[in-house]
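S.K.: Quick one, query13.pdb (PDB, C-alpha atoms):
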ATOM      1  CA  MET A  21     136.785 137.462 116.615
ATOM      2  CA  SER A  22     133.550 139.308 117.393
ATOM      3  CA  LYS A  23     131.241 138.105 120.130
ATOM      4  CA  PRO A  24     128.019 136.395 118.999
ATOM      5  CA  GLU A  25     125.138 138.873 119.301
ATOM      6  CA  VAL A  26     122.022 138.035 121.275
ATOM      7  CA  ASN A  27     119.088 140.306 120.461
ATOM      8  CA  SER A  28     116.236 138.158 121.710
ATOM      9  CA  LEU A  29     115.035 137.388 125.206
ATOM     10  CA  ARG A  30     114.280 133.809 124.170
ATOM     11  CA  SER A  31     116.988 131.252 124.795
ATOM     12  CA  PRO A  32     118.728 129.772 121.711
ATOM     13  CA  LEU A  33     117.212 126.375 122.540
ATOM     14  CA  GLY A  34     113.721 127.887 122.850
ATOM     15  CA  ARG A  35     114.067 129.523 119.454
ATOM     16  CA  VAL A  36     115.028 126.347 117.572
ATOM     17  CA  ARG A  37     112.875 123.892 119.499
ATOM     18  CA  GLY A  38     110.342 122.267 117.162
ATOM     19  CA  LEU A  39     111.515 124.261 114.171
ATOM     20  CA  GLY A  40     114.826 123.666 112.446
ATOM     21  CA  SER A  41     115.470 124.445 108.778
ATOM     22  CA  ALA A  42     112.216 122.814 107.664
ATOM     23  CA  LYS A  43     110.202 124.935 110.154
ATOM     24  CA  SER A  44     108.378 121.814 111.265
ATOM     25  CA  GLY A  45     111.034 120.177 113.438
ATOM     26  CA  THR A  46     110.941 116.395 113.448
ATOM     27  CA  HIS A  47     107.232 116.199 112.576
ATOM     28  CA  HIS A  48     107.739 114.615 109.129
ATOM     29  CA  TRP A  49     110.274 112.088 110.439
ATOM     30  CA  TRP A  50     108.115 111.246 113.453
ATOM     31  CA  MET A  51     104.927 110.775 111.367
ATOM     32  CA  MET A  52     106.794 108.288 109.141
ATOM     33  CA  ARG A  53     107.505 106.233 112.291
ATOM     34  CA  VAL A  54     103.969 106.570 113.668
ATOM     35  CA  THR A  55     102.384 105.497 110.362
ATOM     36  CA  SER A  56     104.873 102.642 109.878
ATOM     37  CA  VAL A  57     104.109 101.244 113.350
ATOM     38  CA  ALA A  58     100.366 101.537 112.655
ATOM     39  CA  LEU A  59     100.779  99.860 109.251
ATOM     40  CA  LEU A  60     102.556  96.780 110.688
ATOM     41  CA  PRO A  61      99.429  95.129 112.225
ATOM     42  CA  LEU A  62      97.228  96.517 109.420
ATOM     43  CA  PHE A  63      99.501  94.899 106.801
ATOM     44  CA  LEU A  64      99.338  91.527 108.594
ATOM     45  CA  TRP A  65      95.536  91.853 108.707
ATOM     46  CA  PHE A  66      95.518  92.729 104.987
ATOM     47  CA  VAL A  67      97.553  89.592 104.181
ATOM     48  CA  TYR A  68      94.948  87.611 106.159
ATOM     49  CA  ALA A  69      92.177  89.391 104.188
ATOM     50  CA  CYS A  70      93.899  88.381 100.931
ATOM     51  CA  PHE A  71      93.861  84.716 102.079
ATOM     52  CA  VAL A  72      90.134  84.980 102.850
ATOM     53  CA  LEU A  73      89.376  86.711  99.532
ATOM     54  CA  ALA A  74      91.564  84.474  97.306
ATOM     55  CA  GLY A  75      89.140  83.008  94.776
ATOM     56  CA  ALA A  76      86.114  84.674  96.431
ATOM     57  CA  SER A  77      83.124  85.695  94.297
ATOM     58  CA  TYR A  78      81.848  89.265  93.863
ATOM     59  CA  ALA A  79      79.127  88.780  96.511
ATOM     60  CA  GLU A  80      81.521  87.158  98.995
ATOM     61  CA  THR A  81      84.109  89.921  98.505
ATOM     62  CA  LYS A  82      81.450  92.612  98.942
ATOM     63  CA  ALA A  83      80.185  90.981 102.133
ATOM     64  CA  PHE A  84      83.721  90.748 103.550
ATOM     65  CA  VAL A  85      84.797  94.326 102.720
ATOM     66  CA  GLY A  86      81.434  95.720 103.862
ATOM     67  CA  ALA A  87      81.410  93.938 107.230
ATOM     68  CA  PRO A  88      81.700  96.608 109.986
ATOM     69  CA  VAL A  89      85.045  95.527 111.486
ATOM     70  CA  ASN A  90      86.641  94.923 108.076
ATOM     71  CA  ALA A  91      85.369  98.224 106.637
ATOM     72  CA  VAL A  92      86.810 100.154 109.593
ATOM     73  CA  LEU A  93      90.152  98.332 109.264
ATOM     74  CA  PHE A  94      90.179  99.052 105.510
ATOM     75  CA  LEU A  95      89.554 102.768 106.209
ATOM     76  CA  LEU A  96      92.350 102.821 108.812
ATOM     77  CA  LEU A  97      94.677 101.045 106.377
ATOM     78  CA  ILE A  98      93.834 103.536 103.605
ATOM     79  CA  GLY A  99      94.426 106.537 105.881
ATOM     80  CA  PHE A 100      97.782 105.411 107.271
ATOM     81  CA  LEU A 101      98.917 103.898 103.958
ATOM     82  CA  PHE A 102      98.479 107.012 101.834
ATOM     83  CA  HIS A 103      99.881 109.269 104.567
ATOM     84  CA  HIS A 104     102.958 107.006 104.636
ATOM     85  CA  ILE A 105     103.181 106.887 100.824
ATOM     86  CA  ALA A 106     102.877 110.670 100.386
ATOM     87  CA  ASN A 107     105.498 111.391 103.050
ATOM     88  CA  GLY A 108     107.831 108.622 101.895
ATOM     89  CA  LEU A 109     107.768 109.717  98.258
ATOM     90  CA  GLN A 110     108.214 113.324  99.404
ATOM     91  CA  GLU A 111     111.479 112.274 101.062
ATOM     92  CA  VAL A 112     112.709 110.659  97.841
ATOM     93  CA  VAL A 113     111.775 113.714  95.744
ATOM     94  CA  GLU A 114     113.426 116.110  98.199
ATOM     95  CA  ASP A 115     116.618 114.048  97.978
ATOM     96  CA  TYR A 116     116.864 113.702  94.207
ATOM     97  CA  VAL A 117     114.825 116.351  92.369
ATOM     98  CA  ARG A 118     116.388 119.709  91.510
ATOM     99  CA  PRO A 119     115.797 122.587  90.886
ATOM    100  CA  GLU A 120     113.300 124.016  93.364
ATOM    101  CA  LEU A 121     110.399 124.540  90.915
ATOM    102  CA  LYS A 122     110.577 121.009  89.518
ATOM    103  CA  ARG A 123     110.731 119.617  93.049
ATOM    104  CA  MET A 124     107.699 121.655  94.108
ATOM    105  CA  LEU A 125     105.658 120.446  91.124
ATOM    106  CA  TRP A 126     106.594 116.836  91.904
ATOM    107  CA  LEU A 127     105.492 117.339  95.518
ATOM    108  CA  PHE A 128     102.168 118.846  94.365
ATOM    109  CA  ALA A 129     101.624 115.817  92.121
ATOM    110  CA  ILE A 130     102.487 113.324  94.883
ATOM    111  CA  LYS A 131     100.349 114.988  97.562
ATOM    112  CA  GLY A 132      97.463 115.532  95.165
ATOM    113  CA  LEU A 133      97.508 112.010  93.756
ATOM    114  CA  SER A 134      97.879 110.401  97.206
ATOM    115  CA  GLY A 135      94.912 112.407  98.490
ATOM    116  CA  LEU A 136      92.834 111.554  95.425
ATOM    117  CA  LEU A 137      93.600 107.815  95.611
ATOM    118  CA  ALA A 138      92.927 107.755  99.369
ATOM    119  CA  MET A 139      89.535 109.438  98.830
ATOM    120  CA  ILE A 140      88.566 107.074  95.978
ATOM    121  CA  ALA A 141      89.557 104.049  98.091
ATOM    122  CA  ALA A 142      87.781 105.294 101.230
ATOM    123  CA  PHE A 143      84.637 106.256  99.303
ATOM    124  CA  SER A 144      84.596 102.808  97.666
ATOM    125  CA  VAL A 145      84.792 101.054 101.042
ATOM    126  CA  LEU A 146      81.969 103.231 102.409
ATOM    127  CA  ARG A 147      79.839 102.615  99.326
ATOM    128  CA  VAL A 148      80.379  98.855  99.619
ATOM    129  CA  ALA A 149      79.530  99.007 103.330
ATOM    130  CA  PHE A 150      76.363 101.100 102.934
ATOM    131  CA  THR A 151      74.780  99.616  99.786
TER     132      THR A 151
ATOM    133  CA  MET B  25     131.274 128.772  86.122
ATOM    134  CA  SER B  26     127.837 128.032  84.725
ATOM    135  CA  GLU B  27     124.739 129.289  86.497
ATOM    136  CA  ALA B  28     124.236 127.373  89.742
ATOM    137  CA  LEU B  29     120.672 126.098  90.115
ATOM    138  CA  ASP B  30     121.277 124.542  93.487
ATOM    139  CA  PRO B  31     122.647 126.512  96.453
ATOM    140  CA  ARG B  32     124.711 123.450  97.409
ATOM    141  CA  GLU B  33     126.731 123.843  94.224
ATOM    142  CA  ALA B  34     128.325 126.966  95.679
ATOM    143  CA  THR B  35     130.133 124.761  98.193
ATOM    144  CA  TYR B  36     131.809 122.854  95.339
ATOM    145  CA  VAL B  37     133.619 125.957  94.058
ATOM    146  CA  GLY B  38     137.267 125.952  95.096
ATOM    147  CA  ARG B  39     140.609 127.469  94.103
ATOM    148  CA  ARG B  40     143.922 125.852  93.317
ATOM    149  CA  THR B  41     147.065 127.310  94.922
ATOM    150  CA  ASP B  42     147.754 129.187  91.651
ATOM    151  CA  GLY B  43     144.367 130.905  92.007
ATOM    152  CA  THR B  44     142.444 129.163  89.193
ATOM    153  CA  ILE B  45     138.845 128.290  90.011
ATOM    154  CA  ILE B  46     137.953 124.585  90.028
ATOM    155  CA  LYS B  47     134.977 122.420  90.935
ATOM    156  CA  ARG B  48     135.950 120.467  94.028
ATOM    157  CA  PRO B  49     135.441 116.685  93.991
ATOM    158  CA  MET B  50     132.114 115.320  95.212
ATOM    159  CA  SER B  51     131.681 112.275  97.425
ATOM    160  CA  PRO B  52     132.010 108.905  95.635
ATOM    161  CA  HIS B  53     129.273 108.423  93.073
ATOM    162  CA  LEU B  54     127.747 105.250  91.593
ATOM    163  CA  GLN B  55     130.778 104.415  89.420
ATOM    164  CA  ALA B  56     133.218 104.568  92.312
ATOM    165  CA  TYR B  57     130.978 103.151  95.015
ATOM    166  CA  ASP B  58     130.564  99.459  95.853
ATOM    167  CA  MET B  59     126.788  99.069  95.651
ATOM    168  CA  LEU B  60     126.822  95.496  96.904
ATOM    169  CA  GLN B  61     127.644  96.318 100.508
ATOM    170  CA  MET B  62     124.964  95.161 102.944
ATOM    171  CA  SER B  63     124.512  98.711 104.269
ATOM    172  CA  SER B  64     123.957 100.605 101.011
ATOM    173  CA  ALA B  65     122.304  97.741  99.102
ATOM    174  CA  THR B  66     119.588  97.168 101.723
ATOM    175  CA  SER B  67     119.125 100.936 102.069
ATOM    176  CA  ILE B  68     118.487 101.666  98.381
ATOM    177  CA  THR B  69     116.358  98.523  98.076
ATOM    178  CA  HIS B  70     114.182  99.882 100.906
ATOM    179  CA  ARG B  71     113.571 103.029  98.834
ATOM    180  CA  ILE B  72     112.964 101.140  95.590
ATOM    181  CA  THR B  73     110.540  98.703  97.240
ATOM    182  CA  GLY B  74     108.769 101.643  98.916
ATOM    183  CA  GLY B  75     108.304 103.336  95.536
ATOM    184  CA  ALA B  76     107.235 100.087  93.854
ATOM    185  CA  TRP B  77     104.709  99.351  96.602
ATOM    186  CA  ALA B  78     103.315 102.898  96.248
ATOM    187  CA  VAL B  79     102.770 102.274  92.516
ATOM    188  CA  GLY B  80     101.303  98.858  93.332
ATOM    189  CA  THR B  81      98.598 100.467  95.506
ATOM    190  CA  LEU B  82      97.059 101.761  92.253
ATOM    191  CA  VAL B  83      95.772  98.214  91.681
ATOM    192  CA  PHE B  84      94.490  98.097  95.290
ATOM    193  CA  VAL B  85      92.484 101.295  94.658
ATOM    194  CA  TRP B  86      91.296  99.948  91.289
ATOM    195  CA  TRP B  87      90.149  96.740  93.046
ATOM    196  CA  LEU B  88      88.202  98.668  95.735
ATOM    197  CA  ALA B  89      86.656 101.116  93.245
ATOM    198  CA  ALA B  90      85.615  98.248  90.956
ATOM    199  CA  LEU B  91      84.075  96.395  93.898
ATOM    200  CA  ALA B  92      82.019  99.500  94.688
ATOM    201  CA  ALA B  93      81.088 100.040  91.023
ATOM    202  CA  GLY B  94      79.527  96.619  90.399
ATOM    203  CA  PRO B  95      79.991  93.030  89.215
ATOM    204  CA  GLU B  96      81.089  93.891  85.633
ATOM    205  CA  SER B  97      83.965  96.167  86.623
ATOM    206  CA  PHE B  98      84.923  93.749  89.428
ATOM    207  CA  ALA B  99      85.139  90.957  86.836
ATOM    208  CA  ASN B 100      87.666  93.101  84.922
ATOM    209  CA  VAL B 101      89.965  93.362  87.972
ATOM    210  CA  GLN B 102      89.583  89.659  88.694
ATOM    211  CA  TRP B 103      90.447  88.926  85.050
ATOM    212  CA  PHE B 104      93.638  91.022  85.296
ATOM    213  CA  LEU B 105      94.679  89.632  88.691
ATOM    214  CA  SER B 106      94.227  86.019  87.535
ATOM    215  CA  SER B 107      96.055  86.592  84.226
ATOM    216  CA  PHE B 108      99.728  85.675  83.839
ATOM    217  CA  LEU B 109     100.735  89.342  84.094
ATOM    218  CA  GLY B 110      98.481  89.827  87.113
ATOM    219  CA  ILE B 111      99.925  86.834  88.977
ATOM    220  CA  LEU B 112     103.452  88.028  88.145
ATOM    221  CA  PHE B 113     102.526  91.500  89.441
ATOM    222  CA  LEU B 114     101.018  90.094  92.647
ATOM    223  CA  PHE B 115     104.011  87.841  93.257
ATOM    224  CA  GLY B 116     106.431  90.733  92.737
ATOM    225  CA  LEU B 117     104.332  92.964  94.987
ATOM    226  CA  THR B 118     104.326  90.280  97.701
ATOM    227  CA  ALA B 119     108.134  90.169  97.687
ATOM    228  CA  VAL B 120     108.377  93.972  97.595
ATOM    229  CA  ALA B 121     105.868  94.304 100.463
ATOM    230  CA  TRP B 122     107.622  91.770 102.688
ATOM    231  CA  TYR B 123     111.027  93.338 102.046
ATOM    232  CA  HIS B 124     109.776  96.843 102.865
ATOM    233  CA  THR B 125     107.946  95.565 105.955
ATOM    234  CA  LEU B 126     110.836  93.494 107.338
ATOM    235  CA  ASN B 127     113.461  96.140 106.568
ATOM    236  CA  GLY B 128     111.050  98.704 108.049
ATOM    237  CA  ILE B 129     111.147  96.773 111.330
ATOM    238  CA  ARG B 130     114.969  96.845 111.031
ATOM    239  CA  HIS B 131     114.764 100.631 110.637
ATOM    240  CA  LEU B 132     112.458 100.996 113.667
ATOM    241  CA  ASN B 133     114.968  98.980 115.670
ATOM    242  CA  TRP B 134     117.708 101.413 114.593
ATOM    243  CA  ASP B 135     115.428 104.335 115.503
ATOM    244  CA  ALA B 136     115.233 102.850 118.998
ATOM    245  CA  GLY B 137     119.049 103.106 119.063
ATOM    246  CA  ARG B 138     119.771  99.382 118.772
ATOM    247  CA  GLY B 139     121.699  97.208 116.308
ATOM    248  CA  PHE B 140     124.056  99.801 114.829
ATOM    249  CA  ASP B 141     127.292  97.796 115.170
ATOM    250  CA  LEU B 142     128.572  96.205 111.947
ATOM    251  CA  PRO B 143     128.192  92.483 112.821
ATOM    252  CA  THR B 144     124.579  93.057 113.990
ATOM    253  CA  MET B 145     123.839  95.234 110.929
ATOM    254  CA  TYR B 146     125.107  92.471 108.601
ATOM    255  CA  ARG B 147     123.142  89.818 110.489
ATOM    256  CA  SER B 148     119.886  91.810 110.440
ATOM    257  CA  GLY B 149     120.414  92.596 106.738
ATOM    258  CA  ARG B 150     120.828  88.891 105.915
ATOM    259  CA  ALA B 151     117.770  88.110 108.054
ATOM    260  CA  VAL B 152     115.706  90.629 106.055
ATOM    261  CA  VAL B 153     116.805  89.187 102.692
ATOM    262  CA  ILE B 154     116.211  85.568 103.765
ATOM    263  CA  GLY B 155     112.996  86.563 105.579
ATOM    264  CA  THR B 156     111.669  88.202 102.422
ATOM    265  CA  GLY B 157     112.172  84.993 100.442
ATOM    266  CA  VAL B 158     110.668  82.787 103.135
ATOM    267  CA  MET B 159     107.618  85.027 103.776
ATOM    268  CA  THR B 160     106.935  85.508 100.045
ATOM    269  CA  VAL B 161     106.921  81.757  99.392
ATOM    270  CA  LEU B 162     104.942  81.108 102.597
ATOM    271  CA  THR B 163     102.336  83.757 101.682
ATOM    272  CA  TRP B 164     101.793  82.183  98.257
ATOM    273  CA  PHE B 165     101.774  78.690  99.721
ATOM    274  CA  ILE B 166      98.976  79.620 102.172
ATOM    275  CA  GLY B 167      97.273  81.755  99.506
ATOM    276  CA  ILE B 168      97.085  78.870  97.034
ATOM    277  CA  ILE B 169      95.789  76.499  99.751
ATOM    278  CA  ALA B 170      93.137  79.102 100.711
ATOM    279  CA  TRP B 171      92.135  79.613  97.039
TER     280      TRP B 171
END
Would you write out, as structure tokens, the structure that this file holds?
M.R.:
Amino acid sequence: MSKPEVNSLRSPLGRVRGLGSAKSGTHHWWMMRVTSVALLPLFLWFVYACFVLAGASYAETKAFVGAPVNAVLFLLLIGFLFHHIANGLQEVVEDYVRPELKRMLWLFAIKGLSGLLAMIAAFSVLRVAFT
Amino acid sequence: MSEALDPREATYVGRRTDGTIIKRPMSPHLQAYDMLQMSSATSITHRITGGAWAVGTLVFVWWLAALAAGPESFANVQWFLSSFLGILFLFGLTAVAWYHTLNGIRHLNWDAGRGFDLPTMYRSGRAVVIGTGVMTVLTWFIGIIAW
């Protein structure tokens, strides 16, 4: 058996650290955890918001969503939510969709649609807050 | 062999002792696999509820956009959400959301390196299923009182 060749001054650990086959290390996995932890309190707040808004009129709903604290929490929710959705659906597509081209197109669609929906939602909150 | 579209398929090519090329068996698929085990059932349900919740956010975005657009478009969302189909959708989404949230906490606990042994895994799985039912009913109970 031939000896493994080393033709780099960097240690093997240094070369793989933060990279791996995906070239982004554990970033995707870690961001799923970060967003899920952030979404836990935001989800509970959203359930509370639903209780407040159940049966509310247009004016009451507008006042609630446009209130400074609520608007900021809505924007935070939208940001973390669509980041989590895009990355979560990406995981599902990467597991099930073959071949490569089809998978790539699915990922384009998911990332694009998530970004679009997040922007529409965030713009709506801002418009409600500032008009 | 037919053209392999996936590099992984190359690992399924094997030879019998007489030299003929065969496709080696894959790991147990849906037909051979017991889908009602706590481990796999809660796992795939986490994925399905995640996907369903993602689709459900379309209505959330519609609701926000309509609120920003004006009273007429907001009345349309309110009409849908208070229709039979809308209530059914909201109820389903409530269950889906609680399942994904509670099982998500279960996953975070695993990520912290805890609760991997079988008895604990079965207990936490049962807690998630029962918790989903309880929280869904409780949410609607409080929601209807708040209405």
S.K.: Can you list, as a VMD selection string, every protein, DNA or RNA residue that comes within 12 Å of segment 75-77 of chain A when you count all atoms listed in the file, leaving out same-chain residues fewer than 3 positions away?
M.R.: (chain A and resid 69 to 72 80 to 85) or (chain B and resid 91 95 98 to 99 102 to 103 105 to 106 167 to 171)
S.K.: Please expand the PyMOL selection byres ((chain A) within 7 of (chain B)) into the concrete residues it hits in this file, giving the result as a list in words.
M.R.: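 For this structure, the PyMOL selection byres ((chain A) within 7 of (chain B)) captures Phe71, Val72, Ala74, Gly75, Tyr78, Lys82, Ile105, Leu109, Pro119, Leu137, Ile140, Ala141, Ser144, Val145, Arg147 and Val148 of chain A.
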S.K.: Those residues you just picked out, can you put them in a file as a PDB file, in the coordinates of the input with C-alpha atoms?
M.R.:
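This is the output file result_12.pdb:
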ATOM      1  CA  PHE A  71      93.861  84.716 102.079  1.00  0.00           C
ATOM      2  CA  VAL A  72      90.134  84.980 102.850  1.00  0.00           C
ATOM      3  CA  ALA A  74      91.564  84.474  97.306  1.00  0.00           C
ATOM      4  CA  GLY A  75      89.140  83.008  94.776  1.00  0.00           C
ATOM      5  CA  TYR A  78      81.848  89.265  93.863  1.00  0.00           C
ATOM      6  CA  LYS A  82      81.450  92.612  98.942  1.00  0.00           C
ATOM      7  CA  ILE A 105     103.181 106.887 100.824  1.00  0.00           C
ATOM      8  CA  LEU A 109     107.768 109.717  98.258  1.00  0.00           C
ATOM      9  CA  PRO A 119     115.797 122.587  90.886  1.00  0.00           C
ATOM     10  CA  LEU A 137      93.600 107.815  95.611  1.00  0.00           C
ATOM     11  CA  ILE A 140      88.566 107.074  95.978  1.00  0.00           C
ATOM     12  CA  ALA A 141      89.557 104.049  98.091  1.00  0.00           C
ATOM     13  CA  SER A 144      84.596 102.808  97.666  1.00  0.00           C
ATOM     14  CA  VAL A 145      84.792 101.054 101.042  1.00  0.00           C
ATOM     15  CA  ARG A 147      79.839 102.615  99.326  1.00  0.00           C
ATOM     16  CA  VAL A 148      80.379  98.855  99.619  1.00  0.00           C
TER      17      VAL A 148
END
S.K.: Quote the spacing between atom CA of Phe66 of chain A and atom CA of Val89 of chain A in Å to one decimal place.
M.R.: 12.6 Å
S.K.: Find the residue from A:Leu101, A:Val112, A:Val117, A:Leu60 that sits nearest to Ser134 of chain A; use only C-alpha atoms when measuring.
M.R.: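 Answer, going by the shortest atom-to-atom distance: A:Leu101.
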S.K.: Give me the residues within 12 Å of Ile68 of chain B as a count of residues only, counting only C-alpha atoms and dropping any in the same chain fewer than 5 places off.
M.R.: 12
S.K.: Compare B:Gly149, B:Gly38, B:Pro49, B:Gly116 by their minimum atom-to-atom distance to Gly80 of chain B, counting only C-alpha atoms, and give me the closest one.
M.R.: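 Nearest to Gly80 of chain B: B:Gly116.
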S.K.: Tell me which of B:Asn133, B:Thr69, B:Ser64, B:Asn100 sits closest to Val153 of chain B, counting all atoms listed in the file.
M.R.: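 Using all atoms listed in the file, the shortest distance to Val153 of chain B belongs to B:Thr69.
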S.K.: Choose the residue, out of A:Leu97, A:Ala87, A:Leu127, A:Leu136, that has the smallest atom-to-atom separation from Phe150 of chain A; count only C-alpha atoms.
M.R.: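 Smallest separation from Phe150 of chain A among the options: A:Ala87.
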S.K.: Using the structure just given, write a file holding C-alpha atoms for segment 49-108 of chain B, as a PDB file, in the first residue's frame.
M.R.:
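Produced file part_13.pdb, reproduced below:
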ATOM      1  CA  PRO B  49     -30.272  -4.267  -3.274  1.00  0.00           C
ATOM      2  CA  MET B  50     -31.084  -0.867  -1.791  1.00  0.00           C
ATOM      3  CA  SER B  51     -32.020  -0.228   1.825  1.00  0.00           C
ATOM      4  CA  PRO B  52     -35.632  -1.104   2.749  1.00  0.00           C
ATOM      5  CA  HIS B  53     -38.104   1.069   0.889  1.00  0.00           C
ATOM      6  CA  LEU B  54     -41.690   2.081   1.730  1.00  0.00           C
ATOM      7  CA  GLN B  55     -43.185  -1.351   0.960  1.00  0.00           C
ATOM      8  CA  ALA B  56     -40.799  -3.192   3.254  1.00  0.00           C
ATOM      9  CA  TYR B  57     -40.514  -0.584   5.982  1.00  0.00           C
ATOM     10  CA  ASP B  58     -42.812  -0.262   9.002  1.00  0.00           C
ATOM     11  CA  MET B  59     -43.882   3.376   8.738  1.00  0.00           C
ATOM     12  CA  LEU B  60     -45.749   3.344  12.033  1.00  0.00           C
ATOM     13  CA  GLN B  61     -42.684   3.266  14.256  1.00  0.00           C
ATOM     14  CA  MET B  62     -42.451   6.273  16.571  1.00  0.00           C
ATOM     15  CA  SER B  63     -39.022   7.195  15.170  1.00  0.00           C
ATOM     16  CA  SER B  64     -39.787   7.254  11.439  1.00  0.00           C
ATOM     17  CA  ALA B  65     -43.437   8.331  11.745  1.00  0.00           C
ATOM     18  CA  THR B  66     -42.654  11.445  13.808  1.00  0.00           C
ATOM     19  CA  SER B  67     -39.692  12.210  11.535  1.00  0.00           C
ATOM     20  CA  ILE B  68     -41.618  12.192   8.243  1.00  0.00           C
ATOM     21  CA  THR B  69     -44.532  14.017   9.881  1.00  0.00           C
ATOM     22  CA  HIS B  70     -42.076  16.768  10.878  1.00  0.00           C
ATOM     23  CA  ARG B  71     -41.152  17.185   7.198  1.00  0.00           C
ATOM     24  CA  ILE B  72     -44.748  17.051   5.969  1.00  0.00           C
ATOM     25  CA  THR B  73     -45.932  19.576   8.568  1.00  0.00           C
ATOM     26  CA  GLY B  74     -42.963  21.817   7.702  1.00  0.00           C
ATOM     27  CA  GLY B  75     -43.941  21.751   4.022  1.00  0.00           C
ATOM     28  CA  ALA B  76     -47.633  22.272   4.807  1.00  0.00           C
ATOM     29  CA  TRP B  77     -46.859  25.215   7.092  1.00  0.00           C
ATOM     30  CA  ALA B  78     -44.670  26.746   4.351  1.00  0.00           C
ATOM     31  CA  VAL B  79     -47.621  26.541   1.930  1.00  0.00           C
ATOM     32  CA  GLY B  80     -49.908  27.909   4.647  1.00  0.00           C
ATOM     33  CA  THR B  81     -47.776  31.072   4.940  1.00  0.00           C
ATOM     34  CA  LEU B  82     -49.155  32.057   1.512  1.00  0.00           C
ATOM     35  CA  VAL B  83     -52.398  32.980   3.299  1.00  0.00           C
ATOM     36  CA  PHE B  84     -50.395  34.904   5.939  1.00  0.00           C
ATOM     37  CA  VAL B  85     -48.750  36.961   3.162  1.00  0.00           C
ATOM     38  CA  TRP B  86     -52.121  37.407   1.425  1.00  0.00           C
ATOM     39  CA  TRP B  87     -53.594  38.651   4.737  1.00  0.00           C
ATOM     40  CA  LEU B  88     -50.764  41.188   5.276  1.00  0.00           C
ATOM     41  CA  ALA B  89     -50.792  42.398   1.655  1.00  0.00           C
ATOM     42  CA  ALA B  90     -54.583  42.803   1.740  1.00  0.00           C
ATOM     43  CA  LEU B  91     -54.351  44.741   5.003  1.00  0.00           C
ATOM     44  CA  ALA B  92     -51.874  47.107   3.341  1.00  0.00           C
ATOM     45  CA  ALA B  93     -53.977  47.369   0.162  1.00  0.00           C
ATOM     46  CA  GLY B  94     -57.206  48.560   1.802  1.00  0.00           C
ATOM     47  CA  PRO B  95     -60.571  47.650   3.334  1.00  0.00           C
ATOM     48  CA  GLU B  96     -62.032  45.960   0.206  1.00  0.00           C
ATOM     49  CA  SER B  97     -59.200  43.474  -0.277  1.00  0.00           C
ATOM     50  CA  PHE B  98     -59.049  42.902   3.502  1.00  0.00           C
ATOM     51  CA  ALA B  99     -62.761  42.024   3.436  1.00  0.00           C
ATOM     52  CA  ASN B 100     -61.948  39.329   0.843  1.00  0.00           C
ATOM     53  CA  VAL B 101     -59.403  37.663   3.169  1.00  0.00           C
ATOM     54  CA  GLN B 102     -61.779  37.930   6.113  1.00  0.00           C
ATOM     55  CA  TRP B 103     -64.513  36.355   3.967  1.00  0.00           C
ATOM     56  CA  PHE B 104     -62.238  33.410   3.080  1.00  0.00           C
ATOM     57  CA  LEU B 105     -60.924  32.933   6.628  1.00  0.00           C
ATOM     58  CA  SER B 106     -64.447  32.925   8.107  1.00  0.00           C
ATOM     59  CA  SER B 107     -65.823  30.552   5.444  1.00  0.00           C
ATOM     60  CA  PHE B 108     -66.126  26.819   6.121  1.00  0.00           C
TER      61      PHE B 108
END
